[in-house]
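Visitor: This is the structure I want to talk about, given as structure tokens.
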Amino acid sequence: ALSRHHTYVRYDQRGCGLSDADVRDFSLDAWVGDLEAVVDGLGLQRFPLLGMSQGGAVAIAYAVRHPERVSQLVLVGAYARGALRRAVTEAERLESMTLINLVRVGWGRDNPAFRQVFTNLFIPDGTPQQHQWWNELERLTVTPDNAARTLEAFYDIDVRELAGQVRVPTLVMHSRGDARVPFDEGRQLAALIPGARFVPLNSRNHVLLEGESAWELFLRELRSFVGAAAAPSWEALGLTPSERAVLLLVAQGLDNHAIALQLGKGEKTVRNQVTSIFAKLGVCTRAEAIVRARDGASSL
């Protein structure tokens with residue numbers, strides 16, 4: 001759904017999925033550095049940024065560091081304070097530490113009983129089949145040690161001060177019955193960010209599921225909010241029809257020689273046009289040009 005009308009980029013968090021499992025540094029600075037590496041590696045110049053759950057803190061920190069790159073900030077099920085930071089009573093602190101130790105003890109076991117605790121917190125209204133694949137997703141994508149250290153780092157997050165420094169348009173959405181991150185944390189986060197709009201979602205799921213009414217509302221609000229980041233006008237940028245044809249083939253991954261053969265041009269002519277295109281788009285690499293071309297594919 002997110003890639004239907006936009007170029008959608010996601011990456012595996014450090015220590016998880018296909019990212020390197022041998023990790024020493026689980027910190028907010030490290031997570032923000034990872035996001036910076038992804039953005040720079042893709043040559044992205046300006047884009048809407050979506051942060052879910054703990055990803056909201058990473059997105060906030062990135063937006064404060066690089067406001068010129070973030071056109072809109074969308075935060076879903078996010079929070080400014082991790083569980084240990086917002087704990088008031090000894091019972092609340094004990095609950096957080098118990099969950100961390102539960103991960104250490106039972107995350108990697110074949111019996112999903114330990115992981116089911118987290119599944120019930122993330123998708124309480126999921127079907128038995130969805131609970132089964134969520135349990136397996138947890139086991140297969142992160143080691144028990146990395147899961148515990150990651151969770152401990154999440155619980156220590158505090159971006160309240162950074163949230164007040166956000167200067168980009170921001171939309172905050174949060175499920176009313178979220179059992180993983182309390183609804184009030186979402187409202188408080190929106191209150192901390194200047195000018196942020198808050199949208200409550202009628203769901204108990206921390207991660208929204210396709211088919212529930214909150215999912216449809218989430219999509220409508222998201223699409224309406226990021227609609228301002230529409231494709232650029234290539235004519236306004238000065239691209240000629242011939243240059244747009246070349247750019248379209250660049251976006252398909254063709255080199256200058258292949259483009260010349262396909263368009264019946266000389267390779268030197270194509271090279272000169274590519275140089276002109278880069279100058280007009282304000283990019284320096286083919287990767288950056290590809291991103292710009294894909295963002296504006298509808299007007300090419």
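Residue names in the structure tokens use chain letters A, B, ... in the order shown, residue numbers from 1 in each chain, and ligand numbers from 1 in the order shown.
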Going by DSSP on the backbone, which residues of stretch 79-288 of chain A come out as helix (DSSP H, G or I)? List them as a PyMOL selection string.
Guide: chain A and resi 83-86+90-106+113-122+128-141+144-155+160-163+183-192+213-226+234-237+241-251+256-263+267-281+286-288
Visitor: Can you tell me which residues surround stretch 203-214 of chain A at a distance of at most 12 Å, considering only C-alpha atoms, apart from same-chain residues fewer than 5 positions away, and format the answer as a PyMOL selection string?
Guide: chain A and resi 1+52-54+76-79+118-127+130-131+134+173-183+186+219-222
Visitor: Which one of A:Val270, A:Val88, A:Leu162, A:Cys16 sits closest to A:Arg244 if you count only C-alpha atoms?
Guide: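 Closest candidate: A:Val270.
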Visitor: Using only C-alpha atoms for the distances, tell me which of A:Leu75, A:Ala91, A:Ala153, A:Val58 is nearest to A:Arg24.
Guide: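 That would be A:Ala153, the residue with the smallest distance to A:Arg24.
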Visitor: Determine, using only C-alpha atoms, which residues of stretch 142-246 of chain A have any atom at most 6 Å from an atom of stretch 63-74 of chain A, and tabulate each with its shortest atom pair and distance in Å to one decimal place, rows ordered by chain and then rising number, as a tab-separated table.
Guide:
```
residue	atom	partner	partner_atom	distance
A:Val166	CA	A:Val64	CA	5.4
A:Pro169	CA	A:Gln72	CA	5.1
A:Thr170	CA	A:Leu73	CA	4.6
A:Leu171	CA	A:Val74	CA	4.8
A:Val172	CA	A:Val74	CA	6.0
```
Visitor: Residues within 10 Å of A:Leu94, please, as a list in words. Count only C-alpha atoms; anything in the same chain fewer than 6 positions from it doesn't count.
Guide: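 Result of the neighbour search: Leu84, Ala87 and Ile100 of chain A.
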Visitor: Would you mind exporting the chosen residues as a PDB file, in the first residue's frame, restricted to N, CA, C and O atoms?
Guide:
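Dumped to part_0.pdb:
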```pdb
ATOM      1  N   LEU A  84      11.248   2.550  30.601  1.00  0.00           N
ATOM      2  CA  LEU A  84      11.958   2.828  31.847  1.00  0.00           C
ATOM      3  C   LEU A  84      12.009   4.318  32.141  1.00  0.00           C
ATOM      4  O   LEU A  84      12.056   4.734  33.302  1.00  0.00           O
ATOM      5  N   ALA A  87       8.499   5.197  33.496  1.00  0.00           N
ATOM      6  CA  ALA A  87       8.058   4.448  34.671  1.00  0.00           C
ATOM      7  C   ALA A  87       8.049   5.354  35.902  1.00  0.00           C
ATOM      8  O   ALA A  87       9.005   6.087  36.154  1.00  0.00           O
ATOM      9  N   ILE A 100      12.392  -7.683  29.561  1.00  0.00           N
ATOM     10  CA  ILE A 100      13.748  -7.819  29.013  1.00  0.00           C
ATOM     11  C   ILE A 100      14.310  -9.195  29.350  1.00  0.00           C
ATOM     12  O   ILE A 100      14.881  -9.890  28.497  1.00  0.00           O
TER      13      ILE A 100
END
```
Visitor: For the strand (DSSP E or B) assignment from backbone DSSP, which residues of stretch 187-229 of chain A qualify? Please present them as a ChimeraX atom specification.
Guide: /A:197-201
Visitor: For A:Glu267, which residue out of A:Ala148, A:Arg10, A:Asp255, A:Trp31 is the nearest one, using only C-alpha atoms?
Guide: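 The closest residue to A:Glu267 is A:Asp255.
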Visitor: What separation in Å, quoted to one decimal, exists between atom CA of A:Tyr11 and atom CA of A:Leu140?
Guide: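 Calculated distance between atom CA of A:Tyr11 and atom CA of A:Leu140 is 16.4 Å.
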Visitor: Using only C-alpha atoms, which protein or nucleic acid residues come within 8 Å of A:Pro194? Drop anything in the same chain fewer than 4 positions from it, and give the result as a list in words.
Guide: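 The residues that qualify are Gly164, Gln165, Val166 and Arg167 of chain A.
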Visitor: Output all heavy atoms for every residue in the selection just made, as a PDB file, in the first residue's frame.
Guide:
```
ATOM      1  N   GLY A 164      10.847  18.927  20.730  1.00  0.00           N
ATOM      2  CA  GLY A 164      10.537  20.349  20.719  1.00  0.00           C
ATOM      3  C   GLY A 164      11.313  21.133  19.689  1.00  0.00           C
ATOM      4  O   GLY A 164      10.986  22.298  19.411  1.00  0.00           O
ATOM      5  N   GLN A 165      12.358  20.495  19.097  1.00  0.00           N
ATOM      6  CA  GLN A 165      13.186  21.172  18.101  1.00  0.00           C
ATOM      7  C   GLN A 165      12.796  20.832  16.665  1.00  0.00           C
ATOM      8  O   GLN A 165      13.402  21.323  15.718  1.00  0.00           O
ATOM      9  CB  GLN A 165      14.655  20.798  18.324  1.00  0.00           C
ATOM     10  CG  GLN A 165      15.196  21.188  19.690  1.00  0.00           C
ATOM     11  CD  GLN A 165      16.599  20.662  19.918  1.00  0.00           C
ATOM     12  OE1 GLN A 165      17.425  20.598  18.989  1.00  0.00           O
ATOM     13  NE2 GLN A 165      16.899  20.264  21.146  1.00  0.00           N
ATOM     14  N   VAL A 166      11.801  19.948  16.487  1.00  0.00           N
ATOM     15  CA  VAL A 166      11.367  19.565  15.139  1.00  0.00           C
ATOM     16  C   VAL A 166      10.756  20.774  14.439  1.00  0.00           C
ATOM     17  O   VAL A 166       9.897  21.461  15.004  1.00  0.00           O
ATOM     18  CB  VAL A 166      10.354  18.406  15.198  1.00  0.00           C
ATOM     19  CG1 VAL A 166       9.761  18.145  13.816  1.00  0.00           C
ATOM     20  CG2 VAL A 166      11.012  17.145  15.741  1.00  0.00           C
ATOM     21  N   ARG A 167      11.180  21.009  13.207  1.00  0.00           N
ATOM     22  CA  ARG A 167      10.701  22.164  12.446  1.00  0.00           C
ATOM     23  C   ARG A 167      10.161  21.753  11.081  1.00  0.00           C
ATOM     24  O   ARG A 167      10.190  22.534  10.134  1.00  0.00           O
ATOM     25  CB  ARG A 167      11.828  23.190  12.285  1.00  0.00           C
ATOM     26  CG  ARG A 167      12.271  23.832  13.597  1.00  0.00           C
ATOM     27  CD  ARG A 167      11.182  24.665  14.232  1.00  0.00           C
ATOM     28  NE  ARG A 167      11.595  25.332  15.466  1.00  0.00           N
ATOM     29  CZ  ARG A 167      11.453  24.805  16.670  1.00  0.00           C
ATOM     30  NH1 ARG A 167      10.900  23.597  16.810  1.00  0.00           N
ATOM     31  NH2 ARG A 167      11.852  25.450  17.753  1.00  0.00           N
TER      32      ARG A 167
END
```
